[in-house]
Amino acid sequence: MKIDIISVVPDLLQGPFAHSIMKRAIDKGLLEINLVNLRDHTTYARAQVDDYQFGGGAGMVMMIEPLVNAIESLQKTTVYDEVIFLTPDGDTFNQSMANQFSMKNNLLLICGHYKGIDQRVRDHFITREVSIGDYVLSGGELAAAVLVDAIGRLIPGVLNDETSALTDSFQDNLLAPPVYTRPEKFRDWQVPTILMSGNHAKIDQWRMEQSLQRTKERRPDLLEDDEA
Ligand code: ADE
């Protein structure tokens, strides 16, 4: 999968993909990340990419021209499955979206800044608008990093243990059960004995019950909502 990311501060995105699972995905050739500096696509003086909003009001708006130049220059060599704008007023990102995006070949992510981007870009180029939660970040870059991480780890072959993504929280609309490792006893705190029993059918059943109980307590909405 290839993910192109348009940003005014591409350096912000150097770190998140240079370590751990994302780095391994890139090294294995399963994921390609291409950072595009929006300022390389402006024809305005001093690499300007934003301007005052028509109608007045505080805050700058990212101009249409540099964004369209960047998008159309990328579209010359890539057909995108989705052109995604990261914005707090988009659809809230969830595991189901991550699953869907992980099956695509080419994604283009656009990071907003300031008051947002000229609405005409949204009207004519964007296919999905995605928020990572009900709070406002100073730019879309951290949101883009969240999407890439959640999507990238689902690409087949990225995780060592192919089944481990299947037992994540939110797969099947359930939170993950508690997990334990050595030592079996620390101070007075004993690992649930069922996990030491070697009876895998019983262990699976216990994990399912724990998942259900956790989901009921913490996120009952997941049990009501088939779509989540
Ligand atoms: N840009 C600013 N805030 C954001 C959010 N919550 N999600 C996605 N992009 C954003």
# chains A, B, ... in the order shown; residues from 1 in each chain; ligands from 1
call {"tool": "residues_near_ligand", "arguments": {"ligand": "ligand 1", "cutoff": "10 Å", "atoms": "only C-alpha atoms and all ligand atoms", "output": "VMD selection string"}}
result
chain A and resid 85 to 93 110 to 116 129 to 144 146 to 147
call {"tool": "residues_around", "arguments": {"residues": "stretch 65-76 of chain A", "least_positions_apart": "4", "cutoff": "9 Å", "atoms": "only C-alpha atoms", "output": "list of chain:residue names"}}
result
A:Asp4, A:Ile6, A:Val36, A:Asn37, A:Leu38, A:Arg39, A:Asp40, A:His41, A:Thr42, A:Thr43, A:Tyr44, A:Gln48, A:Val49, A:Tyr80, A:Leu108, A:Ile110, A:Ile117, A:Val121, A:Phe125
call {"tool": "closest_residue", "arguments": {"among": "A:Asp11, A:Glu209, A:Glu224, A:Glu32", "to": "A:Pro177", "atoms": "only C-alpha atoms"}}
result
A:Glu209
call {"tool": "closest_atom_pairs", "arguments": {"of": "stretch 62-144 of chain A", "to": "stretch 151-168 of chain A", "cutoff": "12 Å", "atoms": "only C-alpha atoms", "output": "JSON lines"}}
result
{"residue": "A:Phe93", "atom": "CA", "partner": "A:Ile151", "partner_atom": "CA", "distance": 10.9}
{"residue": "A:Asn94", "atom": "CA", "partner": "A:Ile151", "partner_atom": "CA", "distance": 10.4}
{"residue": "A:Gln95", "atom": "CA", "partner": "A:Ile151", "partner_atom": "CA", "distance": 8.8}
{"residue": "A:Ser96", "atom": "CA", "partner": "A:Ile151", "partner_atom": "CA", "distance": 10.2}
{"residue": "A:Met97", "atom": "CA", "partner": "A:Ile151", "partner_atom": "CA", "distance": 8.6}
{"residue": "A:Ala98", "atom": "CA", "partner": "A:Ile151", "partner_atom": "CA", "distance": 5.0}
{"residue": "A:Asn99", "atom": "CA", "partner": "A:Ile151", "partner_atom": "CA", "distance": 6.8}
{"residue": "A:Gln100", "atom": "CA", "partner": "A:Ile151", "partner_atom": "CA", "distance": 8.6}
{"residue": "A:Phe101", "atom": "CA", "partner": "A:Ile151", "partner_atom": "CA", "distance": 6.4}
{"residue": "A:Ser102", "atom": "CA", "partner": "A:Ile151", "partner_atom": "CA", "distance": 5.0}
{"residue": "A:Met103", "atom": "CA", "partner": "A:Ile155", "partner_atom": "CA", "distance": 7.3}
{"residue": "A:Lys104", "atom": "CA", "partner": "A:Ile155", "partner_atom": "CA", "distance": 9.5}
{"residue": "A:Asn105", "atom": "CA", "partner": "A:Ile155", "partner_atom": "CA", "distance": 10.3}
{"residue": "A:Leu107", "atom": "CA", "partner": "A:Ile151", "partner_atom": "CA", "distance": 10.7}
{"residue": "A:Ala144", "atom": "CA", "partner": "A:Ile151", "partner_atom": "CA", "distance": 10.5}
call {"tool": "write_last_selection", "arguments": {"atoms": "N, CA, C and O atoms", "output": "PDB file, in the first residue's frame"}}
result
ATOM      1  N   PHE A  93     -12.956   8.552  13.210  1.00  0.00           N
ATOM      2  CA  PHE A  93     -12.180   7.371  12.832  1.00  0.00           C
ATOM      3  C   PHE A  93     -12.433   6.228  13.822  1.00  0.00           C
ATOM      4  O   PHE A  93     -12.511   6.456  15.023  1.00  0.00           O
ATOM      5  N   ASN A  94     -12.568   5.015  13.290  1.00  0.00           N
ATOM      6  CA  ASN A  94     -12.715   3.848  14.169  1.00  0.00           C
ATOM      7  C   ASN A  94     -12.095   2.619  13.501  1.00  0.00           C
ATOM      8  O   ASN A  94     -11.570   2.699  12.384  1.00  0.00           O
ATOM      9  N   GLN A  95     -12.157   1.498  14.205  1.00  0.00           N
ATOM     10  CA  GLN A  95     -11.485   0.294  13.720  1.00  0.00           C
ATOM     11  C   GLN A  95     -12.079  -0.207  12.410  1.00  0.00           C
ATOM     12  O   GLN A  95     -11.362  -0.710  11.551  1.00  0.00           O
ATOM     13  N   SER A  96     -13.389  -0.015  12.270  1.00  0.00           N
ATOM     14  CA  SER A  96     -14.032  -0.457  11.041  1.00  0.00           C
ATOM     15  C   SER A  96     -13.482   0.323   9.833  1.00  0.00           C
ATOM     16  O   SER A  96     -13.199  -0.245   8.775  1.00  0.00           O
ATOM     17  N   MET A  97     -13.297   1.632  10.009  1.00  0.00           N
ATOM     18  CA  MET A  97     -12.694   2.442   8.930  1.00  0.00           C
ATOM     19  C   MET A  97     -11.256   1.997   8.673  1.00  0.00           C
ATOM     20  O   MET A  97     -10.821   1.902   7.526  1.00  0.00           O
ATOM     21  N   ALA A  98     -10.515   1.726   9.755  1.00  0.00           N
ATOM     22  CA  ALA A  98      -9.125   1.278   9.590  1.00  0.00           C
ATOM     23  C   ALA A  98      -9.092  -0.009   8.766  1.00  0.00           C
ATOM     24  O   ALA A  98      -8.272  -0.166   7.854  1.00  0.00           O
ATOM     25  N   ASN A  99     -10.010  -0.934   9.072  1.00  0.00           N
ATOM     26  CA  ASN A  99     -10.081  -2.188   8.318  1.00  0.00           C
ATOM     27  C   ASN A  99     -10.345  -1.917   6.846  1.00  0.00           C
ATOM     28  O   ASN A  99      -9.695  -2.488   5.960  1.00  0.00           O
ATOM     29  N   GLN A 100     -11.321  -1.033   6.577  1.00  0.00           N
ATOM     30  CA  GLN A 100     -11.662  -0.738   5.173  1.00  0.00           C
ATOM     31  C   GLN A 100     -10.484  -0.106   4.437  1.00  0.00           C
ATOM     32  O   GLN A 100     -10.135  -0.513   3.329  1.00  0.00           O
ATOM     33  N   PHE A 101      -9.856   0.888   5.072  1.00  0.00           N
ATOM     34  CA  PHE A 101      -8.731   1.576   4.408  1.00  0.00           C
ATOM     35  C   PHE A 101      -7.545   0.625   4.192  1.00  0.00           C
ATOM     36  O   PHE A 101      -6.786   0.789   3.241  1.00  0.00           O
ATOM     37  N   SER A 102      -7.380  -0.359   5.105  1.00  0.00           N
ATOM     38  CA  SER A 102      -6.209  -1.245   4.986  1.00  0.00           C
ATOM     39  C   SER A 102      -6.300  -2.140   3.746  1.00  0.00           C
ATOM     40  O   SER A 102      -5.321  -2.742   3.345  1.00  0.00           O
ATOM     41  N   MET A 103      -7.504  -2.198   3.138  1.00  0.00           N
ATOM     42  CA  MET A 103      -7.655  -3.032   1.934  1.00  0.00           C
ATOM     43  C   MET A 103      -7.421  -2.232   0.650  1.00  0.00           C
ATOM     44  O   MET A 103      -7.532  -2.768  -0.452  1.00  0.00           O
ATOM     45  N   LYS A 104      -7.108  -0.947   0.777  1.00  0.00           N
ATOM     46  CA  LYS A 104      -6.893  -0.097  -0.412  1.00  0.00           C
ATOM     47  C   LYS A 104      -5.435  -0.163  -0.854  1.00  0.00           C
ATOM     48  O   LYS A 104      -4.545  -0.573  -0.100  1.00  0.00           O
ATOM     49  N   ASN A 105      -5.213   0.283  -2.090  1.00  0.00           N
ATOM     50  CA  ASN A 105      -3.837   0.305  -2.608  1.00  0.00           C
ATOM     51  C   ASN A 105      -3.166   1.657  -2.435  1.00  0.00           C
ATOM     52  O   ASN A 105      -1.990   1.738  -2.120  1.00  0.00           O
ATOM     53  N   LEU A 107      -3.672   5.672  -0.921  1.00  0.00           N
ATOM     54  CA  LEU A 107      -4.425   6.681  -0.179  1.00  0.00           C
ATOM     55  C   LEU A 107      -3.664   8.003  -0.242  1.00  0.00           C
ATOM     56  O   LEU A 107      -2.424   8.018  -0.221  1.00  0.00           O
ATOM     57  N   ALA A 144      -3.019  12.266  10.914  1.00  0.00           N
ATOM     58  CA  ALA A 144      -2.558  11.424   9.796  1.00  0.00           C
ATOM     59  C   ALA A 144      -1.692  10.283  10.321  1.00  0.00           C
ATOM     60  O   ALA A 144      -1.814   9.139   9.877  1.00  0.00           O
TER      61      ALA A 144
END
call {"tool": "atom_distance", "arguments": {"atom1": "atom CA of A:Ile3", "atom2": "atom CA of A:Val148"}}
result
7.9 Å
call {"tool": "closest_residue", "arguments": {"among": "A:Ala176, A:Leu223, A:Ala18, A:Met63", "to": "A:Trp206", "atoms": "only C-alpha atoms"}}
result
A:Ala176
call {"tool": "select_by_dssp", "arguments": {"residues": "stretch 2-228 of chain A", "states": "strand (DSSP E or B)", "output": "VMD selection string"}}
result
chain A and resid 2 to 7 32 to 37 50 to 52 60 to 62 82 to 92 106 to 111 113 117 128 to 131 139 185 to 186 189 to 190
call {"tool": "closest_residue", "arguments": {"among": "A:Gly57, A:Ile5, A:Pro178, A:Ile84", "to": "A:Arg207", "atoms": "only C-alpha atoms"}}
result
A:Pro178
call {"tool": "atom_distance", "arguments": {"atom1": "atom CA of A:Asn34", "atom2": "atom CA of A:Pro10"}}
result
9.7 Å
call {"tool": "closest_residue", "arguments": {"among": "A:Glu82, A:Asp27, A:Glu217, A:Glu184", "to": "A:Thr127", "atoms": "only C-alpha atoms"}}
result
A:Glu82
call {"tool": "select_by_dssp", "arguments": {"residues": "stretch 29-82 of chain A", "states": "helix (DSSP H, G or I)", "output": "ChimeraX atom specification"}}
result
/A:38-41,45-47,64-75
call {"tool": "residues_around", "arguments": {"residues": "A:Leu222", "least_positions_apart": "6", "cutoff": "9 Å", "atoms": "only C-alpha atoms", "output": "ChimeraX atom specification"}}
result
/A:170,173-175,215-216,228
call {"tool": "write_last_selection", "arguments": {"atoms": "C-alpha atoms", "output": "mmCIF file, in the first residue's frame"}}
result
data_model
loop_
_atom_site.group_PDB
_atom_site.id
_atom_site.type_symbol
_atom_site.label_atom_id
_atom_site.label_comp_id
_atom_site.auth_asym_id
_atom_site.auth_seq_id
_atom_site.Cartn_x
_atom_site.Cartn_y
_atom_site.Cartn_z
ATOM 1 C CA PHE A 170 -12.812 -3.233 18.605
ATOM 2 C CA ASN A 173 -17.111 -4.628 18.450
ATOM 3 C CA LEU A 174 -15.584 -5.991 21.648
ATOM 4 C CA LEU A 175 -12.817 -4.675 23.880
ATOM 5 C CA THR A 215 -17.309 -3.977 26.903
ATOM 6 C CA LYS A 216 -20.543 -3.861 28.925
ATOM 7 C CA ALA A 228 -19.171 0.819 14.957
#
call {"tool": "closest_residue", "arguments": {"among": "A:Met1, A:Gln119, A:Ala145, A:Lys202", "to": "A:Gly15", "atoms": "only C-alpha atoms"}}
result
A:Ala145
call {"tool": "decode", "arguments": {"residues": "stretch 123-135 of chain A", "atoms": "all heavy atoms", "output": "PDB file, in the first residue's frame"}}
result
ATOM      1  N   ASP A 123     -14.967  20.277  -1.713  1.00  0.00           N
ATOM      2  CA  ASP A 123     -16.079  19.968  -2.622  1.00  0.00           C
ATOM      3  C   ASP A 123     -15.639  19.151  -3.838  1.00  0.00           C
ATOM      4  O   ASP A 123     -16.377  18.303  -4.322  1.00  0.00           O
ATOM      5  CB  ASP A 123     -16.730  21.268  -3.130  1.00  0.00           C
ATOM      6  CG  ASP A 123     -17.421  22.045  -2.019  1.00  0.00           C
ATOM      7  OD1 ASP A 123     -17.694  21.455  -0.955  1.00  0.00           O
ATOM      8  OD2 ASP A 123     -17.673  23.257  -2.211  1.00  0.00           O
ATOM      9  N   HIS A 124     -14.443  19.403  -4.330  1.00  0.00           N
ATOM     10  CA  HIS A 124     -14.076  18.846  -5.638  1.00  0.00           C
ATOM     11  C   HIS A 124     -13.002  17.754  -5.613  1.00  0.00           C
ATOM     12  O   HIS A 124     -12.816  17.070  -6.612  1.00  0.00           O
ATOM     13  CB  HIS A 124     -13.650  19.978  -6.572  1.00  0.00           C
ATOM     14  CG  HIS A 124     -14.754  20.963  -6.816  1.00  0.00           C
ATOM     15  ND1 HIS A 124     -15.857  20.657  -7.588  1.00  0.00           N
ATOM     16  CD2 HIS A 124     -14.963  22.214  -6.335  1.00  0.00           C
ATOM     17  CE1 HIS A 124     -16.687  21.691  -7.591  1.00  0.00           C
ATOM     18  NE2 HIS A 124     -16.175  22.658  -6.836  1.00  0.00           N
ATOM     19  N   PHE A 125     -12.274  17.611  -4.495  1.00  0.00           N
ATOM     20  CA  PHE A 125     -11.170  16.638  -4.505  1.00  0.00           C
ATOM     21  C   PHE A 125     -11.240  15.590  -3.396  1.00  0.00           C
ATOM     22  O   PHE A 125     -10.708  14.499  -3.543  1.00  0.00           O
ATOM     23  CB  PHE A 125      -9.813  17.353  -4.402  1.00  0.00           C
ATOM     24  CG  PHE A 125      -9.475  18.120  -5.645  1.00  0.00           C
ATOM     25  CD1 PHE A 125      -9.870  19.439  -5.801  1.00  0.00           C
ATOM     26  CD2 PHE A 125      -8.772  17.511  -6.682  1.00  0.00           C
ATOM     27  CE1 PHE A 125      -9.578  20.146  -6.951  1.00  0.00           C
ATOM     28  CE2 PHE A 125      -8.476  18.204  -7.839  1.00  0.00           C
ATOM     29  CZ  PHE A 125      -8.882  19.536  -7.976  1.00  0.00           C
ATOM     30  N   ILE A 126     -11.874  15.963  -2.286  1.00  0.00           N
ATOM     31  CA  ILE A 126     -11.833  15.079  -1.113  1.00  0.00           C
ATOM     32  C   ILE A 126     -12.934  14.023  -1.218  1.00  0.00           C
ATOM     33  O   ILE A 126     -14.081  14.343  -1.526  1.00  0.00           O
ATOM     34  CB  ILE A 126     -12.040  15.912   0.183  1.00  0.00           C
ATOM     35  CG1 ILE A 126     -10.974  17.016   0.303  1.00  0.00           C
ATOM     36  CG2 ILE A 126     -12.070  15.012   1.420  1.00  0.00           C
ATOM     37  CD1 ILE A 126      -9.560  16.535   0.431  1.00  0.00           C
ATOM     38  N   THR A 127     -12.561  12.744  -0.953  1.00  0.00           N
ATOM     39  CA  THR A 127     -13.578  11.681  -0.984  1.00  0.00           C
ATOM     40  C   THR A 127     -14.011  11.263   0.422  1.00  0.00           C
ATOM     41  O   THR A 127     -15.076  10.690   0.599  1.00  0.00           O
ATOM     42  CB  THR A 127     -13.069  10.438  -1.740  1.00  0.00           C
ATOM     43  OG1 THR A 127     -11.908   9.933  -1.077  1.00  0.00           O
ATOM     44  CG2 THR A 127     -12.715  10.771  -3.182  1.00  0.00           C
ATOM     45  N   ARG A 128     -13.155  11.487   1.432  1.00  0.00           N
ATOM     46  CA  ARG A 128     -13.521  11.169   2.822  1.00  0.00           C
ATOM     47  C   ARG A 128     -12.985  12.251   3.741  1.00  0.00           C
ATOM     48  O   ARG A 128     -11.854  12.717   3.559  1.00  0.00           O
ATOM     49  CB  ARG A 128     -12.886   9.838   3.271  1.00  0.00           C
ATOM     50  CG  ARG A 128     -13.477   8.588   2.672  1.00  0.00           C
ATOM     51  CD  ARG A 128     -14.925   8.350   3.018  1.00  0.00           C
ATOM     52  NE  ARG A 128     -15.164   8.002   4.413  1.00  0.00           N
ATOM     53  CZ  ARG A 128     -15.252   6.770   4.874  1.00  0.00           C
ATOM     54  NH1 ARG A 128     -15.087   5.736   4.068  1.00  0.00           N
ATOM     55  NH2 ARG A 128     -15.493   6.547   6.150  1.00  0.00           N
ATOM     56  N   GLU A 129     -13.767  12.645   4.742  1.00  0.00           N
ATOM     57  CA  GLU A 129     -13.303  13.596   5.746  1.00  0.00           C
ATOM     58  C   GLU A 129     -13.292  12.866   7.073  1.00  0.00           C
ATOM     59  O   GLU A 129     -14.308  12.301   7.485  1.00  0.00           O
ATOM     60  CB  GLU A 129     -14.211  14.816   5.790  1.00  0.00           C
ATOM     61  CG  GLU A 129     -14.241  15.497   4.424  1.00  0.00           C
ATOM     62  CD  GLU A 129     -14.851  16.883   4.420  1.00  0.00           C
ATOM     63  OE1 GLU A 129     -15.825  17.104   5.169  1.00  0.00           O
ATOM     64  OE2 GLU A 129     -14.357  17.722   3.668  1.00  0.00           O
ATOM     65  N   VAL A 130     -12.135  12.849   7.734  1.00  0.00           N
ATOM     66  CA  VAL A 130     -11.964  11.995   8.908  1.00  0.00           C
ATOM     67  C   VAL A 130     -11.409  12.803  10.082  1.00  0.00           C
ATOM     68  O   VAL A 130     -10.454  13.563   9.936  1.00  0.00           O
ATOM     69  CB  VAL A 130     -11.014  10.813   8.581  1.00  0.00           C
ATOM     70  CG1 VAL A 130     -10.767   9.968   9.825  1.00  0.00           C
ATOM     71  CG2 VAL A 130     -11.588   9.955   7.460  1.00  0.00           C
ATOM     72  N   SER A 131     -12.044  12.597  11.245  1.00  0.00           N
ATOM     73  CA  SER A 131     -11.578  13.189  12.506  1.00  0.00           C
ATOM     74  C   SER A 131     -11.081  12.059  13.388  1.00  0.00           C
ATOM     75  O   SER A 131     -11.595  10.948  13.333  1.00  0.00           O
ATOM     76  CB  SER A 131     -12.754  13.892  13.182  1.00  0.00           C
ATOM     77  OG  SER A 131     -12.463  14.135  14.548  1.00  0.00           O
ATOM     78  N   ILE A 132     -10.073  12.345  14.227  1.00  0.00           N
ATOM     79  CA  ILE A 132      -9.655  11.291  15.173  1.00  0.00           C
ATOM     80  C   ILE A 132     -10.274  11.503  16.551  1.00  0.00           C
ATOM     81  O   ILE A 132      -9.952  10.791  17.496  1.00  0.00           O
ATOM     82  CB  ILE A 132      -8.128  11.131  15.274  1.00  0.00           C
ATOM     83  CG1 ILE A 132      -7.444  12.409  15.781  1.00  0.00           C
ATOM     84  CG2 ILE A 132      -7.539  10.678  13.950  1.00  0.00           C
ATOM     85  CD1 ILE A 132      -6.039  12.144  16.307  1.00  0.00           C
ATOM     86  N   GLY A 133     -11.176  12.460  16.688  1.00  0.00           N
ATOM     87  CA  GLY A 133     -11.843  12.640  17.983  1.00  0.00           C
ATOM     88  C   GLY A 133     -12.326  14.061  18.152  1.00  0.00           C
ATOM     89  O   GLY A 133     -11.935  14.957  17.404  1.00  0.00           O
ATOM     90  N   ASP A 134     -13.170  14.255  19.158  1.00  0.00           N
ATOM     91  CA  ASP A 134     -13.801  15.559  19.368  1.00  0.00           C
ATOM     92  C   ASP A 134     -12.905  16.514  20.145  1.00  0.00           C
ATOM     93  O   ASP A 134     -13.185  16.839  21.306  1.00  0.00           O
ATOM     94  CB  ASP A 134     -15.150  15.378  20.091  1.00  0.00           C
ATOM     95  CG  ASP A 134     -16.182  14.731  19.183  1.00  0.00           C
ATOM     96  OD1 ASP A 134     -15.947  14.676  17.956  1.00  0.00           O
ATOM     97  OD2 ASP A 134     -17.221  14.270  19.709  1.00  0.00           O
ATOM     98  N   TYR A 135     -11.816  16.896  19.526  1.00  0.00           N
ATOM     99  CA  TYR A 135     -10.902  17.907  20.065  1.00  0.00           C
ATOM    100  C   TYR A 135     -10.169  18.473  18.868  1.00  0.00           C
ATOM    101  O   TYR A 135     -10.139  17.851  17.800  1.00  0.00           O
ATOM    102  CB  TYR A 135      -9.913  17.293  21.072  1.00  0.00           C
ATOM    103  CG  TYR A 135      -9.387  15.950  20.627  1.00  0.00           C
ATOM    104  CD1 TYR A 135      -8.343  15.861  19.699  1.00  0.00           C
ATOM    105  CD2 TYR A 135      -9.974  14.771  21.075  1.00  0.00           C
ATOM    106  CE1 TYR A 135      -7.886  14.645  19.259  1.00  0.00           C
ATOM    107  CE2 TYR A 135      -9.515  13.535  20.638  1.00  0.00           C
ATOM    108  CZ  TYR A 135      -8.472  13.479  19.731  1.00  0.00           C
ATOM    109  OH  TYR A 135      -8.027  12.259  19.281  1.00  0.00           O
TER     110      TYR A 135
END
